[in-house]
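Raw my_file_36.txt, compact mmCIF, C-alpha atoms:
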# COMPACT_ATOMS: atom_id res chain seq x y z
CA MET A 139 0.00 0.00 0.00
CA GLY A 140 2.99 2.33 0.57
CA ASN A 141 3.71 2.42 -3.20
CA ALA A 142 0.08 3.20 -4.13
CA CYS A 143 -1.11 6.61 -5.14
CA CYS A 144 -4.48 6.27 -3.38
CA THR A 145 -6.02 4.55 -0.39
CA CYS A 146 -9.61 3.68 0.59
CA VAL A 147 -10.31 3.98 4.30
CA ASP A 148 -13.10 1.85 5.86
CA GLN A 149 -15.98 3.39 7.76
CA SER A 150 -15.28 4.02 11.48
CA SER A 151 -11.56 3.93 10.77
CA VAL A 152 -8.80 6.39 10.00
CA GLU A 153 -5.32 6.09 8.54
CA VAL A 154 -2.23 8.11 9.31
CA ILE A 155 -0.34 9.61 6.34
CA GLU A 156 3.37 10.39 6.77
CA GLN A 157 5.68 12.32 4.49
CA PHE A 158 9.29 11.24 4.51
CA GLY A 159 8.67 9.60 7.95
CA LYS A 160 7.01 12.65 9.48
CA PHE A 161 3.34 12.96 10.34
CA SER A 162 1.48 14.71 7.56
CA ARG A 163 -2.27 14.27 7.95
CA ILE A 164 -5.17 11.96 8.80
CA ALA A 165 -7.03 10.09 6.07
CA TYR A 166 -10.73 9.71 6.92
CA PRO A 167 -13.21 7.11 5.58
CA GLY A 168 -13.53 7.07 1.80
CA PHE A 169 -11.13 7.70 -1.09
CA ASN A 170 -7.88 9.46 -0.25
CA THR A 171 -4.95 10.38 -2.49
CA VAL A 172 -1.46 9.54 -1.38
CA TRP A 173 1.26 11.49 -3.18
CA CYS A 174 4.01 8.99 -3.39
CA CYS A 175 6.06 11.26 -5.59
CA ILE A 176 6.55 13.69 -2.74
CA GLY A 177 7.28 11.00 -0.15
CA GLU A 178 3.82 10.33 1.34
CA ARG A 179 2.87 6.90 2.57
CA VAL A 180 0.27 5.24 4.81
CA ALA A 181 1.93 4.66 8.20
CA GLY A 182 -0.96 2.75 9.81
CA GLY A 183 -4.56 2.90 10.85
CA LEU A 184 -6.78 3.28 13.89
CA SER A 185 -10.26 1.91 14.54
CA LEU A 186 -12.83 4.34 15.88
CA ARG A 187 -15.15 1.56 17.04
CA ILE A 188 -15.64 0.65 20.68
CA GLN A 189 -13.22 -2.11 21.53
CA GLN A 190 -13.27 -4.61 24.39
CA LEU A 191 -10.31 -6.17 26.13
CA ASP A 192 -10.78 -9.11 28.52
CA VAL A 193 -8.05 -9.36 31.15
CA ARG A 194 -7.69 -12.41 33.43
CA CYS A 195 -5.76 -11.54 36.56
CA GLU A 196 -4.72 -13.98 39.29
CA THR A 197 -4.48 -12.44 42.74
CA LYS A 198 -4.83 -13.28 46.44
CA THR A 199 -7.55 -12.19 48.83
CA LYS A 200 -7.15 -11.00 52.39
CA ASP A 201 -7.86 -14.50 53.74
CA ASN A 202 -5.11 -15.98 51.51
CA VAL A 203 -7.32 -17.48 48.80
CA PHE A 204 -6.07 -17.27 45.21
CA VAL A 205 -8.72 -16.22 42.70
CA ASP A 206 -8.85 -15.44 39.00
CA VAL A 207 -10.59 -12.12 38.32
CA VAL A 208 -11.74 -11.46 34.76
CA VAL A 209 -12.08 -7.75 33.93
CA SER A 210 -13.62 -6.53 30.67
CA VAL A 211 -12.50 -3.05 29.57
CA GLN A 212 -14.49 -1.20 26.90
CA TYR A 213 -12.50 1.66 25.39
CA GLN A 214 -12.40 3.89 22.31
CA VAL A 215 -10.02 6.22 20.53
CA ILE A 216 -10.72 9.91 21.16
CA ARG A 217 -11.38 11.55 17.78
CA GLU A 218 -9.68 14.77 18.87
CA SER A 219 -6.54 12.86 19.96
CA LEU A 220 -5.81 10.63 16.97
CA TYR A 221 -2.17 11.78 16.86
CA ASP A 222 -1.60 10.82 20.51
CA ALA A 223 -3.37 7.46 20.12
CA PHE A 224 -1.16 6.50 17.19
CA TYR A 225 2.22 7.85 18.22
CA LYS A 226 2.32 7.81 22.00
CA LEU A 227 1.62 4.11 22.54
CA THR A 228 3.19 1.17 20.79
CA ASP A 229 0.65 -1.36 22.11
CA SER A 230 -2.45 0.09 23.75
CA ARG A 231 -3.86 -3.32 24.74
CA SER A 232 -0.72 -4.27 26.66
CA GLN A 233 -0.76 -0.89 28.38
CA ILE A 234 -4.39 -1.33 29.48
CA THR A 235 -3.66 -4.88 30.67
CA SER A 236 -0.81 -3.62 32.85
CA TYR A 237 -3.02 -0.99 34.51
CA VAL A 238 -5.76 -3.56 35.14
CA PHE A 239 -3.28 -5.95 36.77
CA ASP A 240 -1.90 -3.19 38.94
CA GLU A 241 -5.28 -1.96 40.19
CA VAL A 242 -6.82 -5.41 40.74
CA ARG A 243 -3.81 -6.62 42.69
CA ALA A 244 -3.93 -3.46 44.79
CA THR A 245 -7.67 -3.72 45.59
CA VAL A 246 -8.53 -7.42 45.99
CA PRO A 247 -5.86 -8.29 48.59
CA ARG A 248 -7.58 -5.90 51.02
CA MET A 249 -10.86 -7.89 50.87
CA PRO A 250 -11.91 -11.30 52.18
CA LEU A 251 -13.15 -13.76 49.59
CA ASP A 252 -16.84 -13.20 50.35
CA ASP A 253 -16.43 -9.43 50.02
CA VAL A 254 -14.77 -9.84 46.62
CA PHE A 255 -18.00 -11.35 45.28
CA THR A 256 -20.16 -8.63 46.79
CA SER A 257 -17.85 -5.74 45.85
CA LYS A 258 -17.48 -6.31 42.13
CA GLU A 259 -18.79 -2.83 41.38
CA ASP A 260 -16.20 -1.26 43.69
CA ILE A 261 -13.38 -3.15 41.98
CA ALA A 262 -14.65 -2.16 38.53
CA ARG A 263 -15.03 1.47 39.58
CA ASN A 264 -11.45 1.63 40.92
CA VAL A 265 -10.06 0.09 37.73
CA LYS A 266 -12.04 2.50 35.54
CA GLU A 267 -10.89 5.56 37.48
CA GLU A 268 -7.25 4.52 37.24
CA LEU A 269 -7.50 3.71 33.53
CA GLN A 270 -9.36 6.94 32.79
CA LYS A 271 -6.65 9.03 34.39
CA SER A 272 -3.85 7.18 32.63
CA MET A 273 -5.21 6.45 29.16
CA THR A 274 -6.71 9.87 28.43
CA ALA A 275 -3.20 11.27 27.98
CA PHE A 276 -2.58 8.64 25.29
CA GLY A 277 -5.72 9.45 23.28
CA PHE A 278 -8.03 6.72 24.63
CA GLN A 279 -11.19 7.03 26.68
CA VAL A 280 -12.42 4.19 28.90
CA LEU A 281 -16.18 3.83 28.52
CA ASN A 282 -16.89 1.02 30.95
CA VAL A 283 -15.18 -1.61 33.10
CA LEU A 284 -16.93 -4.81 34.14
CA VAL A 285 -15.82 -7.58 36.49
CA THR A 286 -17.35 -10.49 34.58
CA ASP A 287 -15.99 -13.45 36.54
CA ILE A 288 -14.44 -14.28 39.91
CA GLU A 289 -13.20 -17.83 40.03
CA PRO A 290 -11.48 -19.25 43.12
CA ALA A 291 -9.57 -22.51 43.09
CA ALA A 292 -11.61 -25.67 42.53
CA LYS A 293 -11.03 -26.94 46.08
CA VAL A 294 -12.07 -23.61 47.57
CA LYS A 295 -15.22 -23.57 45.46
CA ALA A 296 -16.07 -27.12 46.54
CA ALA A 297 -15.52 -26.19 50.20
CA MET A 298 -17.81 -23.16 49.86
CA ASN A 299 -20.52 -25.35 48.33
CA GLU A 300 -20.17 -27.88 51.16
CA ILE A 301 -20.49 -25.12 53.78
CA ASN A 302 -23.62 -23.82 52.08
CA ALA A 303 -25.05 -27.33 51.79
CA ALA A 304 -24.36 -28.02 55.49
CA GLN A 305 -26.11 -24.80 56.52
CA ARG A 306 -29.15 -25.66 54.42
CA LEU A 307 -29.26 -29.23 55.76
CA ARG A 308 -29.10 -27.91 59.32
CA LEU A 309 -31.96 -25.50 58.59
CA ALA A 310 -33.97 -28.30 56.96
CA ALA A 311 -33.41 -30.57 59.98
CA TYR A 312 -34.55 -27.80 62.34
CA GLU A 313 -37.70 -27.15 60.32
CA GLN A 314 -38.41 -30.89 60.15
CA SER A 315 -38.04 -31.25 63.92
CA GLU A 316 -40.38 -28.29 64.47
CA ALA A 317 -42.93 -29.89 62.14
CA ASP A 318 -42.63 -33.21 64.01
CA LYS A 319 -43.06 -31.38 67.31
CA VAL A 320 -46.24 -29.66 66.14
CA ARG A 321 -47.55 -32.95 64.74
CA ILE A 322 -46.92 -34.81 68.02
CA VAL A 323 -48.43 -32.04 70.16
CA LYS A 324 -51.52 -31.83 67.99
CA ALA A 325 -51.90 -35.61 67.99
CA ALA A 326 -51.61 -35.66 71.79
CA GLU A 327 -54.18 -32.88 72.12
CA ALA A 328 -56.53 -34.69 69.76
CA ASP A 329 -56.09 -37.96 71.68
CA ALA A 330 -56.73 -36.22 75.00
CA GLU A 331 -59.85 -34.55 73.61
CA ALA A 332 -61.07 -37.85 72.16
CA LYS A 333 -60.55 -39.64 75.47
CA PHE A 334 -62.29 -36.83 77.32
CA LEU A 335 -65.31 -37.01 75.01
CA ALA A 336 -65.31 -40.80 75.15
CA GLY A 337 -65.30 -40.63 78.95
CA GLN A 338 -68.23 -38.25 78.88
CA GLY A 339 -70.07 -40.57 76.53
CA ILE A 340 -69.46 -43.61 78.73
CA ALA A 341 -70.56 -41.69 81.83
CA ARG A 342 -73.78 -40.59 80.15
CA GLN A 343 -74.37 -44.12 78.88
CA ARG A 344 -74.01 -45.54 82.36
CA GLN A 345 -76.28 -42.87 83.81
CA ALA A 346 -78.93 -43.71 81.19
CA ILE A 347 -78.62 -47.44 81.94
CA ILE A 348 -78.96 -46.88 85.67
CA ALA A 349 -81.92 -44.55 85.17
CA GLY A 350 -83.57 -47.11 82.94
CA LEU A 351 -82.97 -49.91 85.41
CA ARG A 352 -84.32 -47.80 88.24
CA GLU A 353 -87.46 -46.99 86.29
CA SER A 354 -87.93 -50.65 85.31
CA VAL A 355 -87.57 -51.78 88.93
CA GLN A 356 -90.06 -49.21 90.12
CA THR A 357 -92.60 -50.10 87.40
CA PHE A 358 -92.25 -53.84 87.95
CA ALA A 359 -92.54 -53.50 91.72
CA THR A 360 -95.66 -51.37 91.34
CA GLU A 361 -97.48 -53.70 88.94
CA VAL A 362 -96.40 -57.03 90.50
CA THR A 363 -97.05 -56.92 94.26
CA ASP A 364 -95.78 -60.36 95.31
CA VAL A 365 -92.22 -59.67 94.05
CA ASN A 366 -89.82 -57.46 96.00
CA SER A 367 -87.38 -54.94 94.51
CA ARG A 368 -84.35 -57.15 94.99
CA ASP A 369 -85.82 -59.97 92.90
CA VAL A 370 -86.76 -57.52 90.18
CA MET A 371 -83.23 -56.06 90.23
CA GLU A 372 -81.67 -59.50 89.91
CA LEU A 373 -83.96 -60.35 87.02
CA LEU A 374 -83.05 -57.16 85.16
CA LEU A 375 -79.34 -57.63 85.79
CA ILE A 376 -79.43 -61.20 84.52
CA THR A 377 -81.33 -59.98 81.46
CA GLN A 378 -78.63 -57.37 80.83
CA TYR A 379 -75.99 -60.03 81.29
CA PHE A 380 -77.51 -62.28 78.64
CA ASP A 381 -77.95 -59.33 76.28
CA THR A 382 -74.27 -58.60 76.63
CA LEU A 383 -73.37 -62.19 75.78
CA LYS A 384 -75.63 -62.03 72.74
CA ASP A 385 -73.96 -58.83 71.50
CA ILE A 386 -70.53 -60.39 71.89
CA GLY A 387 -71.62 -63.43 69.93
CA LEU A 388 -73.20 -61.43 67.11
CA SER A 389 -70.24 -59.08 66.60
CA GLY A 390 -67.87 -60.32 63.91
CA LYS A 391 -64.94 -58.33 65.27
CA SER A 392 -65.16 -59.59 68.83
CA SER A 393 -62.34 -61.63 70.34
CA THR A 394 -62.88 -64.90 72.15
CA VAL A 395 -64.10 -64.40 75.74
CA PHE A 396 -63.67 -67.18 78.30
CA MET A 397 -66.14 -66.91 81.18
CA ASN A 398 -67.26 -69.22 83.98
CA HIS A 399 -70.84 -69.81 82.85
CA SER A 400 -72.08 -72.67 84.96
CA PRO A 401 -75.53 -72.29 86.59
CA GLY A 402 -73.97 -72.10 90.03
CA THR A 403 -71.93 -69.07 89.14
CA LEU A 404 -74.85 -66.98 87.90
CA GLY A 405 -75.54 -65.97 91.49
CA ASP A 406 -71.99 -64.72 91.86
CA VAL A 407 -72.34 -62.76 88.62
CA SER A 408 -75.57 -61.27 89.91
CA ASN A 409 -73.95 -60.28 93.21
CA GLN A 410 -71.03 -58.67 91.43
CA ILE A 411 -73.25 -56.70 89.08
CA ARG A 412 -75.51 -55.62 91.93
CA SER A 413 -72.53 -54.54 94.02
CA GLY A 414 -71.20 -52.42 91.18
CA PHE A 415 -74.63 -50.93 90.58
CA MET A 416 -74.98 -50.00 94.26
CA GLN A 417 -71.56 -48.36 94.27
CA VAL A 418 -72.49 -46.25 91.28
CA CYS A 419 -75.78 -45.24 92.88
CA SER A 420 -73.98 -44.25 96.09
CA ALA A 421 -71.49 -42.17 94.14
CA MET A 422 -74.26 -40.42 92.23
CA ALA A 423 -76.15 -39.70 95.43
CA ALA A 424 -73.04 -38.25 97.08
CA ALA A 425 -72.13 -36.07 94.07
CA PRO A 426 -74.84 -33.39 94.52
CA GLY A 427 -73.96 -33.01 98.24
CA GLN A 428 -70.27 -32.47 97.43
CA ALA A 429 -71.21 -29.94 94.76
CA MET A 430 -73.27 -27.99 97.30
CA GLN A 431 -70.37 -27.97 99.79
CA ARG A 432 -68.04 -26.56 97.11

What is this file in C-alpha cells?
Amino acid sequence: MGNACCTCVDQSSVEVIEQFGKFSRIAYPGFNTVWCCIGERVAGGLSLRIQQLDVRCETKTKDNVFVDVVVSVQYQVIRESLYDAFYKLTDSRSQITSYVFDEVRATVPRMPLDDVFTSKEDIARNVKEELQKSMTAFGFQVLNVLVTDIEPAAKVKAAMNEINAAQRLRLAAYEQSEADKVRIVKAAEADAEAKFLAGQGIARQRQAIIAGLRESVQTFATEVTDVNSRDVMELLLITQYFDTLKDIGLSGKSSTVFMNHSPGTLGDVSNQIRSGFMQVCSAMAAAPGQAMQR
C-alpha cells in the first residue's frame, strides 16, 4: 500500500499519512490520495469503534485465597486525539492490561473472599478511574469496566458449596423437627380430647342405663305386688348379662371371651353386678352433696 497513489479507508476507521517519515495528515473514511512522488505513505490505521479487552488476573484475597478475576474493559479512541493514540503508545492493549493488573492486585488483597463477590462494582469502579486518568493522555477514553468473573480454586469452590449445603441441611433438619413437634403435640391434644369425650359418653351411657334400670324396677314393683325390689333387680341384671353375651356373639370383630358360665356361678355374677350398681348409685347420690359444699 505504501507504493500506491491512493487509499480507501473503511468506515469508522482512519489512517495516518506520513511524508518522509514525518506525520502529515489523517485520512478519513472514503477515497484518499497519497502522493508517493513527494514522499507520502500510509503509516498505519486506527479503529474508531468501541473495543473490548478481557483481562484475566490472578491475585490473592485478604484471607489468603487465590482467585482469578476477569475484567472486561471497553474503550475507544478519542477523535480529537488521533495523533496521541497512534504515536504515544506502541501497544495500547498491553498498556491497558498492565493498569488492570496493577489496580486489581492493589484492591482485591484488602478484601476477604466473600467481600470480593459482593464488591465487584467497587473493583470495577477503581479500575475505571485509574485507567481513565492514565489512558486519556494517550488518546483513549475508557467507557466502561466490568468484572465479569471471579473464580477461586476448585477446592475452595467445593468447600464453599459444602459449607452452604451443610447450613441448608441444618436448617432443613430444624424445620423438620419443628414440624414433628407440632404434629406430636396436635396428635396428643386430639387424643386427650377424644378420650375426654369418650369418657363423657361412657358416663352418660351408664347414667342412662342406671336410670332405665331404676325406672324398670319401680314399674315392675308397682305392677307385680308379690315380688320385691331385689328380685326384680336381679332379674333385670341377669337380662342385661344375657344381652351382653348375645352382643358379643353377634359381633364379627369380637375376640374370644372365656367366662365361667355354669348355673352355680350366675348368682356370683348377679352379686357382682348388683354390688357395682350400688356403688355407682352411692357415688351419684353423694355427688350433689359435694357440689353444694363446694

The centre and edge lengths of an axis-aligned box containing all atoms of region 253-270 of chain A present in the file, extended by 6 Å on each side, are to be given in Å to one decimal, as AutoDock Vina command-line options.
--center_x -13.7 --center_y -2.2 --center_z 41.4 --size_x 24.9 --size_y 30.3 --size_z 29.2

Item checked: Distance of CA of Leu191 (chain A) from CA of Phe204 (chain A), expressed in Å to one decimal place ->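 So the answer is 22.5 Å.
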
Next item on the list: Please identify all polymer residues within 9 Å of region 216-222 of chain A, counting all atoms listed in the file, omitting same-chain residues fewer than 6 positions from it, and present them as a PyMOL selection string.
Entry: chain A and resi 152+154+161+164+184+186+274-279

Next item on the list: To one decimal in Å, tell me the separation between CA of Val215 (chain A) and CA of Leu269 (chain A).
Entry: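 Answer for the CA of Val215 (chain A) to CA of Leu269 (chain A) separation: 13.5 Å.
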
Notebook entry, point to check: Hey, what's within 10 Å of Gln149 (chain A) if we count all atoms listed in the file and toss same-chain stuff fewer than 4 positions away? As a list of chain:residue names, please?
Noted result: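 Everything that qualifies: A:Tyr166, A:Pro167, A:Gly168, A:Ser185, A:Leu186, A:Arg187.
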
Next, write the just-selected residues to a file, as a PDB file, in the frame of the given file, keeping C-alpha atoms as the atom set.
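result_20.pdb was written with the following content:
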ATOM      1  CA  TYR A 166     -10.730   9.710   6.920  1.00  0.00           C
ATOM      2  CA  PRO A 167     -13.210   7.110   5.580  1.00  0.00           C
ATOM      3  CA  GLY A 168     -13.530   7.070   1.800  1.00  0.00           C
ATOM      4  CA  SER A 185     -10.260   1.910  14.540  1.00  0.00           C
ATOM      5  CA  LEU A 186     -12.830   4.340  15.880  1.00  0.00           C
ATOM      6  CA  ARG A 187     -15.150   1.560  17.040  1.00  0.00           C
TER       7      ARG A 187
END

Note to self: Taking 2 positions as the minimum chain separation for residues in the same chain, which residues sit within 7 Å of Val283 (chain A) when counting all atoms listed in the file? Answer as a ChimeraX atom specification.
What the structure shows: /A:209-212,262,266,285
